Structures are given as C-alpha cells and as structure tokens.
Amino acid sequence: MRKLGISIALLALAGCASTNYSDFDVSEAVISKLKINETHNLNERQHKLEISFDYEISEYVDTNNLYNCSVQFLALDGTTISMSNGKKSPCELNKAKGKKSIVWPTILDKAHSPSEEQLSKIKYPIEYFVAIHQRTGKNTNRIIGKSATQVSTVKI
C-alpha cells in the first residue's frame with residue numbers, strides 16, 4: 001500500500017512538471033537595432049554570423065524555455081533551414097524585452113555537417129533572417145517575429 005501511495009505521488013509530481021505549451025496564447029515579437037558582422041574563411045570551412053539585436057515580446061509569459069531565437073536560412077522552395085548543435089537552443093529569451101548577442105555558424109561552417117541534399121536546397125547567395133520562436137508543443141514552435149531578410153557577403 002505504501003508503494004502505491006509513493007507511486008501516485010511521483011506520477012502527480014511528474015504531471016505537474018510537464019508544461020502544456022498549447023495552453024499559452026501566441027505572443028508577438030519585434031526585432032530592432034539588428035547588427036550583423038559576417039566572418040568567413042571558406043578554405044577552412046569557417047562562416048559565422050555575429051549578431052546583436054534588441055527584442056520585445058508582447059503578451060510575454062514567464063515560463064522557462066517558451067521563447068528562443070534562431071537564424072533561418074532560405075531554401076530554394078521558399079522554406080527555411082536552421083541548424084544548431086545540441087538539443088538546447090543557443091538563444092534562449094527569458095525576458096519580455098532586452099538585448100541579445102549571439103554567434104551563429106551558418107550552414108557552410110564546419111560546426112555543422114549538412115548533407116548534400118541540404119546544401120543543394122539552400123538559396124545562393126545565402127539569404128537569412130533572425131527569428132523569434134514561441135514553443136507550441138514538446139517538439140514544435142512558431143515564429144512570432146523576424147528581422148528583414150539579409151544577404152550574405154560570401155560569393156560561392
């Protein structure tokens with residue numbers, strides 16, 4: 001009987017620990033004062049974007065891991081591709097407004113190992129934008145704000 005009580009308590013705690021992201025209204029975000037410094041040495045497969053910007057999220061909900069940012073690279077078919085190492089976003093946003101600085105390797109950088117298929121889908125010259133996402137499920141999110149599209153200085 002005691003084991004049953006402990007099991008029920010653990011299940012209840014586990015249920016409370018998971019977040020139902022679909023319960024949150026979708027926010028809107030604005031990116032301003034975008035600054036980008038592009039560095040590259042293609043002979044050594046180095047291509048990084050040093051990015052800084054101000055952001056503001058309306059209807060902000062103070063919940064861990066709800067908002068993050070990324071760099072989205074445009075594909076030939078109109079979709080976008082983004083790559084980052086690891087499961088955790090390198091660009092968490094934990095305030096309703098603030099400044100953010102990140103260094104983001106592009107799809108051409110040796111930090112990533114894109115497939116030939118992924119590389120063949122990318123639009124050249126490389127076009128990209130900074131996006132702010134809101135998590136909508138365990139493995140899903142929605143772009144709630146983005147910068148203007150930028151064009152890479154790299155000539156391929």
# chains A, B, ... in the order shown; residues from 1 in each chain; ligands from 1

call {"tool": "select_by_dssp", "arguments": {"residues": "stretch 10-121 of chain A", "states": "alpha helix (DSSP H)", "output": "PyMOL selection string"}}
result
chain A and resi 10-17+116-121

call {"tool": "write_last_selection", "arguments": {"atoms": "N, CA and C atoms", "output": "mmCIF file, in the first residue's frame"}}
result
data_model
loop_
_atom_site.group_PDB
_atom_site.id
_atom_site.type_symbol
_atom_site.label_atom_id
_atom_site.label_comp_id
_atom_site.auth_asym_id
_atom_site.auth_seq_id
_atom_site.Cartn_x
_atom_site.Cartn_y
_atom_site.Cartn_z
ATOM 1 N N LEU A 10 4.562 10.332 -7.078
ATOM 2 C CA LEU A 10 5.558 10.589 -8.118
ATOM 3 C C LEU A 10 4.896 10.895 -9.454
ATOM 4 N N LEU A 11 3.846 10.174 -9.794
ATOM 5 C CA LEU A 11 3.127 10.442 -11.031
ATOM 6 C C LEU A 11 2.499 11.833 -11.008
ATOM 7 N N ALA A 12 1.958 12.223 -9.886
ATOM 8 C CA ALA A 12 1.362 13.556 -9.769
ATOM 9 C C ALA A 12 2.418 14.637 -9.941
ATOM 10 N N LEU A 13 3.580 14.442 -9.332
ATOM 11 C CA LEU A 13 4.662 15.413 -9.476
ATOM 12 C C LEU A 13 5.162 15.475 -10.913
ATOM 13 N N ALA A 14 5.281 14.341 -11.563
ATOM 14 C CA ALA A 14 5.728 14.315 -12.953
ATOM 15 C C ALA A 14 4.725 15.034 -13.845
ATOM 16 N N GLY A 15 3.459 14.864 -13.586
ATOM 17 C CA GLY A 15 2.414 15.540 -14.348
ATOM 18 C C GLY A 15 2.477 17.040 -14.175
ATOM 19 N N CYS A 16 2.799 17.513 -12.992
ATOM 20 C CA CYS A 16 2.913 18.943 -12.732
ATOM 21 C C CYS A 16 4.157 19.527 -13.374
ATOM 22 N N ALA A 17 5.187 18.721 -13.536
ATOM 23 C CA ALA A 17 6.456 19.220 -14.061
ATOM 24 C C ALA A 17 6.405 19.471 -15.561
ATOM 25 N N GLU A 116 24.445 16.659 -48.562
ATOM 26 C CA GLU A 116 24.453 17.232 -49.913
ATOM 27 C C GLU A 116 23.057 17.734 -50.277
ATOM 28 N N GLU A 117 22.054 16.994 -49.814
ATOM 29 C CA GLU A 117 20.668 17.383 -50.091
ATOM 30 C C GLU A 117 20.353 18.733 -49.455
ATOM 31 N N GLN A 118 20.747 18.921 -48.181
ATOM 32 C CA GLN A 118 20.506 20.202 -47.512
ATOM 33 C C GLN A 118 21.233 21.337 -48.228
ATOM 34 N N LEU A 119 22.495 21.107 -48.586
ATOM 35 C CA LEU A 119 23.262 22.144 -49.273
ATOM 36 C C LEU A 119 22.661 22.489 -50.632
ATOM 37 N N SER A 120 22.110 21.489 -51.315
ATOM 38 C CA SER A 120 21.533 21.741 -52.642
ATOM 39 C C SER A 120 20.220 22.519 -52.549
ATOM 40 N N LYS A 121 19.591 22.532 -51.381
ATOM 41 C CA LYS A 121 18.319 23.232 -51.207
ATOM 42 C C LYS A 121 18.486 24.704 -50.828
#

call {"tool": "residues_around", "arguments": {"residues": "A:His40", "least_positions_apart": "4", "cutoff": "9 Å", "atoms": "only C-alpha atoms", "output": "PyMOL selection string"}}
result
chain A and resi 44-49+109+154

call {"tool": "write_last_selection", "arguments": {"atoms": "N, CA, C and O atoms", "output": "PDB file, in the first residue's frame"}}
result
ATOM      1  N   GLU A  44      38.909  27.048 -44.831  1.00  0.00           N
ATOM      2  CA  GLU A  44      38.909  26.293 -43.569  1.00  0.00           C
ATOM      3  C   GLU A  44      37.491  25.996 -43.082  1.00  0.00           C
ATOM      4  O   GLU A  44      37.295  25.627 -41.927  1.00  0.00           O
ATOM      5  N   ARG A  45      36.514  26.178 -43.960  1.00  0.00           N
ATOM      6  CA  ARG A  45      35.092  25.942 -43.660  1.00  0.00           C
ATOM      7  C   ARG A  45      34.634  26.714 -42.427  1.00  0.00           C
ATOM      8  O   ARG A  45      33.989  26.181 -41.538  1.00  0.00           O
ATOM      9  N   GLN A  46      34.968  27.985 -42.384  1.00  0.00           N
ATOM     10  CA  GLN A  46      34.521  28.860 -41.314  1.00  0.00           C
ATOM     11  C   GLN A  46      33.602  29.925 -41.898  1.00  0.00           C
ATOM     12  O   GLN A  46      33.975  30.621 -42.846  1.00  0.00           O
ATOM     13  N   HIS A  47      32.417  30.026 -41.333  1.00  0.00           N
ATOM     14  CA  HIS A  47      31.459  31.048 -41.757  1.00  0.00           C
ATOM     15  C   HIS A  47      30.489  31.281 -40.608  1.00  0.00           C
ATOM     16  O   HIS A  47      29.647  30.441 -40.320  1.00  0.00           O
ATOM     17  N   LYS A  48      30.663  32.415 -39.937  1.00  0.00           N
ATOM     18  CA  LYS A  48      29.857  32.717 -38.763  1.00  0.00           C
ATOM     19  C   LYS A  48      29.206  34.087 -38.882  1.00  0.00           C
ATOM     20  O   LYS A  48      29.725  34.980 -39.541  1.00  0.00           O
ATOM     21  N   LEU A  49      28.077  34.222 -38.216  1.00  0.00           N
ATOM     22  CA  LEU A  49      27.375  35.493 -38.131  1.00  0.00           C
ATOM     23  C   LEU A  49      27.407  35.947 -36.676  1.00  0.00           C
ATOM     24  O   LEU A  49      26.925  35.232 -35.795  1.00  0.00           O
ATOM     25  N   ASP A 109      29.539  26.402 -42.282  1.00  0.00           N
ATOM     26  CA  ASP A 109      30.586  26.298 -41.265  1.00  0.00           C
ATOM     27  C   ASP A 109      30.834  24.843 -40.881  1.00  0.00           C
ATOM     28  O   ASP A 109      29.914  24.015 -40.885  1.00  0.00           O
ATOM     29  N   VAL A 154      29.257  36.295 -48.758  1.00  0.00           N
ATOM     30  CA  VAL A 154      30.056  35.189 -49.296  1.00  0.00           C
ATOM     31  C   VAL A 154      29.657  34.922 -50.738  1.00  0.00           C
ATOM     32  O   VAL A 154      28.481  34.781 -51.046  1.00  0.00           O
TER      33      VAL A 154
END

call {"tool": "closest_residue", "arguments": {"among": "A:Lys100, A:Lys110, A:Arg135, A:Lys88", "to": "A:Thr63", "atoms": "only C-alpha atoms"}}
result
A:Arg135

call {"tool": "atom_distance", "arguments": {"atom1": "atom CA of A:Ser32", "atom2": "atom CA of A:Ser147"}}
result
7.6 Å

call {"tool": "closest_residue", "arguments": {"among": "A:Thr79, A:Glu38, A:Val26, A:Ala96", "to": "A:Tyr55", "atoms": "only C-alpha atoms"}}
result
A:Ala96

call {"tool": "atom_distance", "arguments": {"atom1": "atom CA of A:Ala75", "atom2": "atom CA of A:Ala148"}}
result
15.8 Å

call {"tool": "atom_distance", "arguments": {"atom1": "atom CA of A:Lys155", "atom2": "atom CA of A:Ser52"}}
result
23.4 Å

call {"tool": "closest_residue", "arguments": {"among": "A:Ile51, A:Cys91, A:Leu108, A:Ile126", "to": "A:Leu34", "atoms": "only C-alpha atoms"}}
result
A:Ile51

call {"tool": "residues_around", "arguments": {"residues": "A:Phe73", "least_positions_apart": "5", "cutoff": "12 Å", "atoms": "only C-alpha atoms", "output": "ChimeraX atom specification"}}
result
/A:49,78-83,104-108,118-119,121-131,149-152
